[in-house]
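upload14.json (JSON, C-alpha atoms) appears below.
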[["chain", "number", "residue", "atom", "x", "y", "z"],
["A", 1, "MET", "CA", 113.46, 81.64, 24.23],
["A", 2, "LYS", "CA", 115.39, 81.74, 27.49],
["A", 3, "ALA", "CA", 119.03, 81.57, 28.49],
["A", 4, "HIS", "CA", 120.40, 81.04, 31.96],
["A", 5, "VAL", "CA", 123.86, 82.39, 32.72],
["A", 6, "HIS", "CA", 125.55, 80.95, 35.82],
["A", 7, "VAL", "CA", 128.30, 83.25, 37.12],
["A", 8, "MET", "CA", 130.78, 82.13, 39.80],
["A", 9, "LEU", "CA", 134.02, 83.47, 41.18],
["A", 10, "LYS", "CA", 137.02, 81.69, 39.70],
["A", 11, "ASP", "CA", 138.95, 79.19, 41.82],
["A", 12, "GLY", "CA", 141.47, 80.98, 43.98],
["A", 13, "VAL", "CA", 139.43, 84.20, 44.24],
["A", 14, "LEU", "CA", 138.40, 84.98, 47.82],
["A", 15, "ASP", "CA", 134.63, 84.66, 48.32],
["A", 16, "PRO", "CA", 133.71, 86.66, 51.44],
["A", 17, "GLN", "CA", 129.96, 86.13, 50.95],
["A", 18, "GLY", "CA", 130.46, 82.39, 50.69],
["A", 19, "GLU", "CA", 132.59, 82.43, 53.84],
["A", 20, "ALA", "CA", 129.89, 84.41, 55.69],
["A", 21, "VAL", "CA", 127.27, 81.83, 54.66],
["A", 22, "ARG", "CA", 129.54, 78.97, 55.76],
["A", 23, "HIS", "CA", 130.09, 80.64, 59.14],
["A", 24, "ALA", "CA", 126.35, 81.31, 59.59],
["A", 25, "LEU", "CA", 125.49, 77.69, 58.75],
["A", 26, "GLY", "CA", 127.98, 76.57, 61.39],
["A", 27, "GLY", "CA", 126.29, 78.89, 63.90],
["A", 28, "LEU", "CA", 122.97, 77.23, 63.09],
["A", 29, "GLY", "CA", 124.38, 73.80, 63.87],
["A", 30, "PHE", "CA", 125.28, 72.67, 60.33],
["A", 31, "ASP", "CA", 128.84, 71.70, 61.19],
["A", 32, "GLY", "CA", 129.50, 69.52, 58.14],
["A", 33, "VAL", "CA", 129.82, 72.43, 55.70],
["A", 34, "GLN", "CA", 133.49, 72.91, 54.87],
["A", 35, "GLY", "CA", 133.15, 75.54, 52.16],
["A", 36, "VAL", "CA", 130.61, 77.69, 50.32],
["A", 37, "ARG", "CA", 130.99, 79.46, 46.99],
["A", 38, "GLN", "CA", 128.26, 81.96, 46.20],
["A", 39, "GLY", "CA", 127.37, 82.99, 42.65],
["A", 40, "LYS", "CA", 124.45, 84.28, 40.66],
["A", 41, "VAL", "CA", 122.08, 83.10, 37.95],
["A", 42, "ILE", "CA", 120.90, 85.54, 35.31],
["A", 43, "GLU", "CA", 117.79, 84.59, 33.33],
["A", 44, "LEU", "CA", 117.46, 86.23, 29.93],
["A", 45, "ASP", "CA", 114.28, 86.32, 27.84],
["A", 46, "LEU", "CA", 115.55, 86.38, 24.27],
["A", 47, "ALA", "CA", 114.07, 86.85, 20.84],
["A", 48, "ASP", "CA", 113.81, 83.64, 18.83],
["A", 49, "GLY", "CA", 116.98, 82.96, 16.91],
["A", 50, "THR", "CA", 119.32, 84.67, 19.39],
["A", 51, "SER", "CA", 122.52, 82.65, 19.27],
["A", 52, "GLU", "CA", 124.62, 81.36, 22.13],
["A", 53, "ASP", "CA", 127.48, 83.41, 20.66],
["A", 54, "THR", "CA", 125.39, 86.57, 21.21],
["A", 55, "VAL", "CA", 124.78, 85.59, 24.84],
["A", 56, "ARG", "CA", 128.52, 84.88, 25.22],
["A", 57, "ASP", "CA", 129.23, 88.43, 23.95],
["A", 58, "MET", "CA", 126.78, 89.76, 26.58],
["A", 59, "CYS", "CA", 128.69, 87.87, 29.27],
["A", 60, "GLU", "CA", 132.08, 89.07, 28.09],
["A", 61, "LYS", "CA", 130.96, 92.71, 27.88],
["A", 62, "LEU", "CA", 128.62, 93.09, 30.87],
["A", 63, "LEU", "CA", 127.22, 90.10, 32.73],
["A", 64, "ALA", "CA", 130.47, 88.66, 34.11],
["A", 65, "ASN", "CA", 133.72, 90.22, 35.24],
["A", 66, "THR", "CA", 135.89, 87.74, 33.38],
["A", 67, "VAL", "CA", 139.00, 88.76, 35.32],
["A", 68, "ILE", "CA", 137.63, 87.16, 38.50],
["A", 69, "GLU", "CA", 134.47, 85.32, 37.39],
["A", 70, "SER", "CA", 133.69, 82.39, 35.15],
["A", 71, "TYR", "CA", 130.31, 81.77, 33.53],
["A", 72, "ARG", "CA", 128.31, 78.95, 32.01],
["A", 73, "ILE", "CA", 125.46, 79.43, 29.55],
["A", 74, "GLU", "CA", 122.37, 77.20, 29.30],
["A", 75, "MET", "CA", 120.13, 77.87, 26.31],
["A", 76, "ALA", "CA", 116.52, 76.75, 26.81]]

Please express the file's structure as structure tokens.
Amino acid sequence: MKAHVHVMLKDGVLDPQGEAVRHALGGLGFDGVQGVRQGKVIELDLADGTSEDTVRDMCEKLLANTVIESYRIEMA
């Protein structure tokens, strides 16, 4: 069983990596990019029967800094 956790900075939090990517894309001639937000995807291999609530606890305690990041869980 797998879970994917998508972690992104919350709206209003400065994203310097995203800004660096946007600037680099402009330097490569991709002028239509107005903004970039960079995040991460964490793939978890879980034992059968692991609940989404358990994964949510993992996110709250370790995988996401909930002060500045939001997360979305996909159970597969």

**Message:** I want to know what sits within 10 Å of A:Cys59, based on only C-alpha atoms, with residues of the same chain fewer than 6 positions away left out; could you give that as a PyMOL selection string?
**Reply:** chain A and resi 5+7+53+65-66+70-73

**Distance criterion (only C-alpha atoms): nearest to A:Ile42 out of A:Ala76, A:Met8, A:Val21, A:Leu63** = A:Leu63

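The smallest atom-to-atom distance between A:Val67 and any of A:Glu19, A:Glu52, A:Asp11, A:Glu43, using only C-alpha atoms, is found for A:Asp11.
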
**Asked** By how many Å are atom CA of A:Arg37 and atom CA of A:His6 apart?
**Response**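 About the pair atom CA of A:Arg37 and atom CA of A:His6: they are 12.5 Å apart.
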
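Proximity to A:Gly12 was assessed for A:Leu44, A:Val55, A:Ile68, A:Val33 counting only C-alpha atoms; the smallest distance is recorded for A:Ile68.
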
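Reported to one decimal place, the separation of atom CA of A:Lys2 from atom CA of A:Met58 is 14.0 Å.
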
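Proximity to A:Gly35 at 12 Å, evaluated using all atoms listed in the file and with sequence-adjacent residues fewer than 6 positions away removed, yields Leu14, Asp15, Pro16, Gln17, Gly18, Glu19, Ala20, Val21, Arg22, His23, Ala24, Leu25 and Gly26 of chain A.
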
**Request:** Tell me, in Å to one decimal, how far atom CA of A:Asp48 is from atom CA of A:Glu74.
**Result:** 15.0 Å

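For the set A:Met75, A:Leu9, A:Leu62, A:Leu28, the residue with the smallest atom-to-atom gap to A:Asp45 is A:Met75, counting only C-alpha atoms.
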
Taking all atoms of stretch 71-74 of chain A that the file lists and extending 6 Å past them on each side, where is the centre of the axis-aligned box and how long are its edges? Answer in Å to one decimal, as AutoDock Vina command-line options.
--center_x 126.3 --center_y 79.5 --center_z 31.4 --size_x 19.9 --size_y 16.6 --size_z 16.2

Atoms added to stretch 34-45 of chain A (all heavy atoms), reported as a compact mmCIF listing (two decimals), in the frame of the given file:
# COMPACT_ATOMS: atom_id res chain seq x y z
N GLN A 34 132.09 72.52 54.86
CA GLN A 34 133.49 72.91 54.87
C GLN A 34 133.78 74.12 54.00
O GLN A 34 134.81 74.78 54.18
CB GLN A 34 134.36 71.74 54.45
CG GLN A 34 134.26 70.58 55.42
CD GLN A 34 135.11 69.40 54.98
OE1 GLN A 34 135.72 69.42 53.93
NE2 GLN A 34 135.14 68.37 55.81
N GLY A 35 132.93 74.39 53.03
CA GLY A 35 133.15 75.54 52.16
C GLY A 35 131.89 75.90 51.41
O GLY A 35 131.05 75.05 51.13
N VAL A 36 131.75 77.19 51.09
CA VAL A 36 130.61 77.69 50.32
C VAL A 36 131.15 78.66 49.28
O VAL A 36 131.98 79.52 49.58
CB VAL A 36 129.58 78.41 51.22
CG1 VAL A 36 128.47 79.02 50.39
CG2 VAL A 36 129.03 77.48 52.27
N ARG A 37 130.69 78.51 48.04
CA ARG A 37 130.99 79.46 46.99
C ARG A 37 129.64 80.03 46.55
O ARG A 37 128.72 79.28 46.23
CB ARG A 37 131.66 78.79 45.79
CG ARG A 37 132.94 78.07 46.12
CD ARG A 37 134.11 78.96 46.38
NE ARG A 37 134.56 79.60 45.16
CZ ARG A 37 135.48 80.55 45.13
NH1 ARG A 37 136.04 80.95 46.24
NH2 ARG A 37 135.85 81.09 44.00
N GLN A 38 129.52 81.33 46.56
CA GLN A 38 128.26 81.96 46.20
C GLN A 38 128.39 82.59 44.82
O GLN A 38 129.40 83.23 44.52
CB GLN A 38 127.88 83.02 47.24
CG GLN A 38 126.52 83.63 46.97
CD GLN A 38 126.05 84.44 48.15
OE1 GLN A 38 126.17 84.04 49.29
NE2 GLN A 38 125.48 85.59 47.87
N GLY A 39 127.38 82.41 44.00
CA GLY A 39 127.37 82.99 42.65
C GLY A 39 126.02 83.59 42.35
O GLY A 39 125.24 83.89 43.25
N LYS A 40 125.74 83.72 41.06
CA LYS A 40 124.45 84.28 40.66
C LYS A 40 124.00 83.60 39.38
O LYS A 40 124.80 83.07 38.60
CB LYS A 40 124.54 85.79 40.46
CG LYS A 40 125.57 86.23 39.44
CD LYS A 40 125.74 87.74 39.45
CE LYS A 40 126.94 88.12 38.58
NZ LYS A 40 127.31 89.51 38.72
N VAL A 41 122.68 83.60 39.18
CA VAL A 41 122.08 83.10 37.95
C VAL A 41 121.32 84.25 37.32
O VAL A 41 120.53 84.92 37.99
CB VAL A 41 121.11 81.92 38.22
CG1 VAL A 41 120.43 81.49 36.94
CG2 VAL A 41 121.84 80.76 38.87
N ILE A 42 121.59 84.49 36.06
CA ILE A 42 120.90 85.54 35.31
C ILE A 42 120.03 84.86 34.27
O ILE A 42 120.51 84.05 33.47
CB ILE A 42 121.92 86.47 34.62
CG1 ILE A 42 122.85 87.09 35.67
CG2 ILE A 42 121.20 87.55 33.81
CD1 ILE A 42 124.08 87.74 35.10
N GLU A 43 118.73 85.16 34.30
CA GLU A 43 117.79 84.59 33.33
C GLU A 43 117.48 85.65 32.28
O GLU A 43 117.04 86.75 32.63
CB GLU A 43 116.52 84.13 34.04
CG GLU A 43 115.53 83.47 33.09
CD GLU A 43 114.29 82.97 33.81
OE1 GLU A 43 114.34 81.89 34.40
OE2 GLU A 43 113.29 83.71 33.80
N LEU A 44 117.70 85.30 31.03
CA LEU A 44 117.46 86.23 29.93
C LEU A 44 116.29 85.73 29.09
O LEU A 44 116.26 84.56 28.70
CB LEU A 44 118.70 86.34 29.03
CG LEU A 44 120.00 86.79 29.70
CD1 LEU A 44 121.17 86.57 28.76
CD2 LEU A 44 119.90 88.24 30.09
N ASP A 45 115.33 86.60 28.81
CA ASP A 45 114.28 86.32 27.84
C ASP A 45 114.76 86.88 26.51
O ASP A 45 114.94 88.09 26.37
CB ASP A 45 112.96 86.98 28.25
CG ASP A 45 112.33 86.33 29.46
OD1 ASP A 45 112.32 85.08 29.51
OD2 ASP A 45 111.86 87.05 30.34
